[in-house]
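input27.cif, holding mmCIF, C-alpha atoms:
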data_my_file
loop_
_atom_site.group_PDB
_atom_site.id
_atom_site.type_symbol
_atom_site.label_atom_id
_atom_site.label_comp_id
_atom_site.auth_asym_id
_atom_site.auth_seq_id
_atom_site.Cartn_x
_atom_site.Cartn_y
_atom_site.Cartn_z
ATOM 1 C CA MET A 1 72.825 9.636 -6.977
ATOM 2 C CA THR A 2 70.378 10.109 -4.123
ATOM 3 C CA ARG A 3 67.885 11.998 -6.249
ATOM 4 C CA PRO A 4 67.379 9.204 -8.865
ATOM 5 C CA ILE A 5 66.919 6.666 -6.052
ATOM 6 C CA VAL A 6 64.276 8.839 -4.355
ATOM 7 C CA MET A 7 62.464 9.348 -7.694
ATOM 8 C CA LEU A 8 62.638 5.620 -8.432
ATOM 9 C CA ALA A 9 61.278 4.817 -4.959
ATOM 10 C CA ALA A 10 58.448 7.351 -5.429
ATOM 11 C CA MET A 11 57.535 5.880 -8.818
ATOM 12 C CA MET A 12 57.561 2.335 -7.387
ATOM 13 C CA ALA A 13 55.334 3.429 -4.494
ATOM 14 C CA ALA A 14 52.894 5.111 -6.907
ATOM 15 C CA LEU A 15 52.736 1.983 -9.075
ATOM 16 C CA LEU A 16 52.152 -0.245 -6.057
ATOM 17 C CA MET A 17 49.379 2.007 -4.766
ATOM 18 C CA ALA A 18 47.729 2.082 -8.192
ATOM 19 C CA GLY A 19 47.882 -1.726 -8.304
ATOM 20 C CA CYS A 20 46.106 -1.990 -4.934
ATOM 21 C CA GLN A 21 43.096 0.048 -5.995
ATOM 22 C CA ARG A 22 39.961 -1.868 -6.779
ATOM 23 C CA GLU A 23 39.199 -1.884 -10.459
ATOM 24 C CA THR A 24 35.642 -0.892 -11.189
ATOM 25 C CA GLY A 25 33.816 -1.345 -14.414
ATOM 26 C CA PRO A 26 30.502 0.001 -15.552
ATOM 27 C CA ASP A 27 27.531 -0.445 -13.236
ATOM 28 C CA PRO A 28 25.763 -3.761 -13.841
ATOM 29 C CA LEU A 29 22.179 -2.444 -13.451
ATOM 30 C CA LYS A 30 20.281 0.609 -14.644
ATOM 31 C CA LEU A 31 17.078 1.903 -13.037
ATOM 32 C CA THR A 32 14.359 1.823 -15.710
ATOM 33 C CA GLY A 33 11.138 2.287 -13.750
ATOM 34 C CA LYS A 34 9.717 3.116 -10.330
ATOM 35 C CA MET A 35 6.164 3.504 -9.104
ATOM 36 C CA PHE A 36 3.582 2.586 -6.525
ATOM 37 C CA VAL A 37 1.141 -0.157 -7.495
ATOM 38 C CA PHE A 38 -2.339 0.179 -5.971
ATOM 39 C CA ASN A 39 -4.368 -3.010 -6.279
ATOM 40 C CA TYR A 40 -7.884 -1.819 -5.517
ATOM 41 C CA ARG A 41 -9.435 -5.282 -5.904
ATOM 42 C CA LEU A 42 -7.276 -6.733 -3.147
ATOM 43 C CA ALA A 43 -6.854 -3.449 -1.201
ATOM 44 C CA TYR A 44 -3.075 -3.290 -1.010
ATOM 45 C CA ALA A 45 -0.227 -1.157 -2.330
ATOM 46 C CA THR A 46 3.435 -1.917 -3.071
ATOM 47 C CA TYR A 47 6.521 -0.248 -4.471
ATOM 48 C CA MET A 48 7.607 -1.595 -7.863
ATOM 49 C CA ILE A 49 11.124 -1.002 -9.183
ATOM 50 C CA THR A 50 12.392 -2.225 -12.558
ATOM 51 C CA LEU A 51 16.030 -2.499 -13.572
ATOM 52 C CA SER A 52 17.807 -3.505 -16.770
ATOM 53 C CA LYS A 53 21.036 -5.460 -16.747
ATOM 54 C CA LEU A 54 23.808 -3.534 -18.529
ATOM 55 C CA GLU A 55 26.732 -5.784 -17.600
ATOM 56 C CA PRO A 56 27.031 -9.427 -16.549
ATOM 57 C CA VAL A 57 27.073 -10.148 -12.822
ATOM 58 C CA PRO A 58 28.947 -13.006 -11.151
ATOM 59 C CA GLU A 59 26.984 -16.191 -10.453
ATOM 60 C CA GLY A 60 25.506 -15.951 -6.935
ATOM 61 C CA SER A 61 25.041 -12.159 -6.945
ATOM 62 C CA ILE A 62 22.031 -10.664 -5.188
ATOM 63 C CA VAL A 63 20.160 -7.386 -5.083
ATOM 64 C CA VAL A 64 18.946 -5.942 -1.765
ATOM 65 C CA ALA A 65 16.275 -3.240 -1.898
ATOM 66 C CA THR A 66 15.452 -1.095 1.123
ATOM 67 C CA PHE A 67 12.149 0.788 0.961
ATOM 68 C CA GLU A 68 11.124 3.642 3.256
ATOM 69 C CA ASN A 69 8.068 2.548 5.226
ATOM 70 C CA PRO A 70 5.279 5.088 4.527
ATOM 71 C CA ALA A 71 3.565 4.060 7.786
ATOM 72 C CA GLY A 72 6.747 4.884 9.729
ATOM 73 C CA GLY A 73 8.978 2.509 11.594
ATOM 74 C CA GLU A 74 11.689 0.256 10.223
ATOM 75 C CA PRO A 75 12.355 0.245 6.470
ATOM 76 C CA LEU A 76 11.126 -2.718 4.464
ATOM 77 C CA THR A 77 13.757 -4.900 2.801
ATOM 78 C CA LEU A 78 13.682 -7.325 -0.078
ATOM 79 C CA THR A 79 16.502 -9.635 -1.211
ATOM 80 C CA ARG A 80 16.487 -11.273 -4.634
ATOM 81 C CA LYS A 81 18.976 -13.479 -6.453
ATOM 82 C CA LEU A 82 20.242 -12.107 -9.767
ATOM 83 C CA PHE A 83 20.102 -14.686 -12.536
ATOM 84 C CA PRO A 84 22.845 -14.291 -15.168
ATOM 85 C CA LYS A 85 20.550 -14.922 -18.163
ATOM 86 C CA LEU A 86 17.741 -12.557 -17.139
ATOM 87 C CA GLU A 87 18.080 -9.067 -18.615
ATOM 88 C CA LYS A 88 15.330 -7.464 -16.479
ATOM 89 C CA VAL A 89 14.995 -7.316 -12.706
ATOM 90 C CA VAL A 90 11.637 -6.515 -11.092
ATOM 91 C CA LEU A 91 11.491 -5.721 -7.382
ATOM 92 C CA GLU A 92 8.129 -5.518 -5.617
ATOM 93 C CA SER A 93 8.085 -4.546 -1.953
ATOM 94 C CA PRO A 94 6.015 -6.165 0.770
ATOM 95 C CA ASP A 95 2.546 -4.586 1.160
ATOM 96 C CA ILE A 96 2.590 -1.000 2.414
ATOM 97 C CA THR A 97 0.105 1.441 3.931
ATOM 98 C CA CYS A 98 -0.155 5.209 4.456
ATOM 99 C CA VAL A 99 1.214 6.350 1.062
ATOM 100 C CA LYS A 100 0.688 10.094 0.725
ATOM 101 C CA LYS A 101 0.293 11.997 -2.535
ATOM 102 C CA GLU A 102 3.325 13.955 -3.812
ATOM 103 C CA ARG A 103 5.602 12.853 -0.952
ATOM 104 C CA PRO A 104 8.905 11.291 -2.082
ATOM 105 C CA TYR A 105 9.778 7.982 -0.381
ATOM 106 C CA ALA A 106 13.411 6.787 -0.343
ATOM 107 C CA VAL A 107 14.552 3.529 -1.946
ATOM 108 C CA THR A 108 18.106 2.119 -1.878
ATOM 109 C CA ILE A 109 19.150 -0.762 -4.107
ATOM 110 C CA GLU A 110 22.430 -2.588 -3.466
ATOM 111 C CA VAL A 111 23.935 -5.107 -5.867
ATOM 112 C CA LYS A 112 26.194 -7.547 -4.002
ATOM 113 C CA GLY A 113 28.581 -10.136 -5.365
ATOM 114 C CA PRO A 114 28.676 -13.783 -4.240
ATOM 115 C CA ALA A 115 30.987 -12.973 -1.298
ATOM 116 C CA GLY A 116 28.794 -10.035 -0.182
ATOM 117 C CA GLU A 117 31.024 -7.375 -1.740
ATOM 118 C CA ALA A 118 29.260 -4.226 -2.973
ATOM 119 C CA LEU A 119 29.108 -4.060 -6.774
ATOM 120 C CA GLN A 120 26.733 -1.093 -7.063
ATOM 121 C CA THR A 121 24.429 1.123 -4.996
ATOM 122 C CA LEU A 122 21.466 3.007 -6.429
ATOM 123 C CA GLU A 123 19.466 5.576 -4.465
ATOM 124 C CA THR A 124 16.180 7.004 -5.676
ATOM 125 C CA THR A 125 12.784 8.186 -4.503
ATOM 126 C CA VAL A 126 9.284 7.119 -5.500
ATOM 127 C CA THR A 127 6.386 9.580 -5.443
ATOM 128 C CA SER A 128 2.690 8.773 -5.755
ATOM 129 C CA ASP A 129 0.132 10.911 -7.540
ATOM 130 C CA ILE A 130 -2.690 9.706 -5.239
ATOM 131 C CA ASP A 131 -3.155 9.101 -1.521
ATOM 132 C CA GLN A 132 -3.646 5.531 -0.413
ATOM 133 C CA ASP A 133 -6.860 6.540 1.349
ATOM 134 C CA MET A 134 -8.499 6.358 -2.106
ATOM 135 C CA MET A 135 -8.224 2.563 -1.772
ATOM 136 C CA PRO A 136 -10.954 0.403 -0.265
ATOM 137 C CA ALA A 137 -10.430 -0.562 3.376
ATOM 138 C CA LYS A 138 -11.094 -4.245 2.630
ATOM 139 C CA ALA A 139 -10.434 -6.418 -0.386
ATOM 140 C CA LEU A 140 -13.350 -6.274 -2.822
ATOM 141 C CA VAL A 141 -12.778 -9.852 -3.964
ATOM 142 C CA GLU A 142 -11.445 -13.065 -2.504
ATOM 143 C CA GLY A 143 -10.211 -16.420 -3.702
ATOM 144 C CA PRO A 144 -8.783 -17.550 -7.034
ATOM 145 C CA ALA A 145 -12.042 -16.786 -8.909
ATOM 146 C CA TYR A 146 -12.214 -13.216 -7.563
ATOM 147 C CA ASP A 147 -15.543 -13.846 -5.838
ATOM 148 C CA LYS A 148 -17.158 -10.818 -4.203
ATOM 149 C CA ASN A 149 -15.950 -10.397 -0.631
ATOM 150 C CA PRO A 150 -18.980 -11.005 1.635
ATOM 151 C CA ALA A 151 -17.467 -8.599 4.191
ATOM 152 C CA VAL A 152 -17.972 -5.810 1.633
ATOM 153 C CA PHE A 153 -20.922 -6.945 -0.493
ATOM 154 C CA THR A 154 -24.125 -7.722 1.439
ATOM 155 C CA ASP A 155 -26.355 -10.217 -0.375
ATOM 156 C CA GLY A 156 -24.087 -9.737 -3.408
ATOM 157 C CA LYS A 157 -24.907 -6.021 -3.624
ATOM 158 C CA ALA A 158 -22.423 -3.176 -3.343
ATOM 159 C CA PRO A 159 -22.779 -0.849 -0.377
ATOM 160 C CA GLU A 160 -23.954 2.697 -1.009
ATOM 161 C CA HIS A 161 -20.484 3.940 0.020
ATOM 162 C CA PHE A 162 -17.303 1.891 0.179
ATOM 163 C CA GLU A 163 -15.210 2.269 3.319
ATOM 164 C CA THR A 164 -11.782 3.621 2.384
ATOM 165 C CA ALA A 165 -8.355 2.800 3.795
ATOM 166 C CA LYS A 166 -7.212 4.791 6.815
ATOM 167 C CA CYS A 167 -3.682 5.330 7.964
ATOM 168 C CA PRO A 168 -3.374 4.043 11.554
ATOM 169 C CA ARG A 169 -0.941 6.759 12.637
#

I need this file expressed as structure tokens, please.
Amino acid sequence: MTRPIVMLAAMMAALLMAGCQRETGPDPLKLTGKMFVFNYRLAYATYMITLSKLEPVPEGSIVVATFENPAGGEPLTLTRKLFPKLEKVVLESPDITCVKKERPYAVTIEVKGPAGEALQTLETTVTSDIDQDMMPAKALVEGPAYDKNPAVFTDGKAPEHFETAKCPR
């Protein structure tokens, strides 16, 4: 009689433990693109990450991206609300400096539910095929009409050699 009771108790405990586990479904987002964007006209660079929505997310969900800072120091973070009807998510980092060719830079993307619970975490790297020092040191244009930047163009003429970006470290 003791043996059936022990087996019944073990089965009940296993069922209770299985009921306490968090149910997880498929990941809501899929990484579809990653690159550095170098805007030579305005003399800045950013990370750009694109994601596709595979599953619906609860209203009020957010995505938090953490980008390795190529210049060193604290990572750069970006928080964006996820809209239920949008199928694509585009994340562009704050401006960055000191990107080096063929060096992988770490990026972590966390999808969080409305109460801050983790729904998904993606980790990847982004690698550039050029150094940022190929960029101009100053914006070539300014203003909404993309007028020539007088700090670069003297009397409207291009200098013989453009000054290029330098990494301060």

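Shortest separation to Val111 (chain A) among A:Thr154, A:Ser61, A:Ser52, A:Ser128 occurs at residue A:Ser61, atoms counted being only C-alpha atoms.
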
Next on the checklist: Using Å and a single decimal, report how far CA of Leu31 (chain A) sits from CA of Thr97 (chain A).
Outcome noted: 24.0 Å

Item to check | Distance in Å - CA of Ala115 (chain A) versus CA of Val57 (chain A) | outcome: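 Atom-to-atom, CA of Ala115 (chain A) to CA of Val57 (chain A), that is 12.5 Å.
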
Next on the checklist: Please expand the PyMOL selection byres ((chain A and resi 123) around 9) into the concrete residues it hits in this file, giving the result as a list of chain:residue names.
Outcome noted: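 Those residues are A:Ala106, A:Val107, A:Thr108, A:Ile109, A:Glu110, A:Thr121, A:Leu122, A:Thr124, A:Thr125.
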
Keeping C-alpha atoms, export the residues of the selection given above as an mmCIF file, keeping the file's coordinate frame.
data_model
loop_
_atom_site.group_PDB
_atom_site.id
_atom_site.type_symbol
_atom_site.label_atom_id
_atom_site.label_comp_id
_atom_site.auth_asym_id
_atom_site.auth_seq_id
_atom_site.Cartn_x
_atom_site.Cartn_y
_atom_site.Cartn_z
ATOM 1 C CA ALA A 106 13.411 6.787 -0.343
ATOM 2 C CA VAL A 107 14.552 3.529 -1.946
ATOM 3 C CA THR A 108 18.106 2.119 -1.878
ATOM 4 C CA ILE A 109 19.150 -0.762 -4.107
ATOM 5 C CA GLU A 110 22.430 -2.588 -3.466
ATOM 6 C CA THR A 121 24.429 1.123 -4.996
ATOM 7 C CA LEU A 122 21.466 3.007 -6.429
ATOM 8 C CA THR A 124 16.180 7.004 -5.676
ATOM 9 C CA THR A 125 12.784 8.186 -4.503
#

Next on the checklist: Which residue is closest to Lys148 (chain A)? Choose from A:Leu42, A:Ala118, A:Met48, A:Ile62 and count only C-alpha atoms.
Outcome noted: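 Selected residue with least distance to Lys148 (chain A): A:Leu42.
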
Checklist entry - At what distance in Å, to one decimal, does CA of Val90 (chain A) lie from CA of Pro56 (chain A)? => result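 Taking CA of Pro56 (chain A) and CA of Val90 (chain A), their separation equals 16.6 Å.
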
Set up a box along x, y and z of the file covering all listed atoms of region 145-148 of chain A, add 3 Å on every one of the six sides, and write the centre and edge lengths in Å to one decimal, as AutoDock Vina command-line options.
--center_x -14.6 --center_y -13.8 --center_z -6.6 --size_x 11.1 --size_y 12.0 --size_z 10.7

Checklist entry - Do you know which residues are at most 9 Å from Pro26 (chain A) counting all atoms listed in the file, after dropping those on the same chain fewer than 2 positions away, and could you put them as a PyMOL selection string? => result chain A and resi 24+28-29+54-55

Next on the checklist: Evaluate the PyMOL selection byres ((chain A and resi 45) around 8) against this structure - the residues, as an MDAnalysis selection string, please.
Outcome noted: chainID A and resid 36:39 43:44 46:47 95:97 132

Checklist entry - Selected by the PyMOL selection byres ((chain A and resi 129) around 12) in the shown coordinates: which residues, as a ChimeraX atom specification? => result /A:35-38,99-104,126-128,130-132,134

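The residue that comes closest to His161 (chain A), out of A:Leu119, A:Ala145, A:Val89, A:Ala137 and on the basis of only C-alpha atoms, is A:Ala137.
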
Checklist entry - Pick the closest to Glu59 (chain A) from A:Arg41, A:Lys112, A:Lys88, A:Lys34: which is it, counting all atoms listed in the file? => result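 Counting all atoms listed in the file, the residue closest to Glu59 (chain A) is A:Lys112.
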
Item to check | Shortest interatomic distance to Asp133 (chain A) - which of A:Asp155, A:Asp147, A:Glu117, A:Glu163, counting all atoms listed in the file | outcome: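 Counting all atoms listed in the file, the residue closest to Asp133 (chain A) is A:Glu163.
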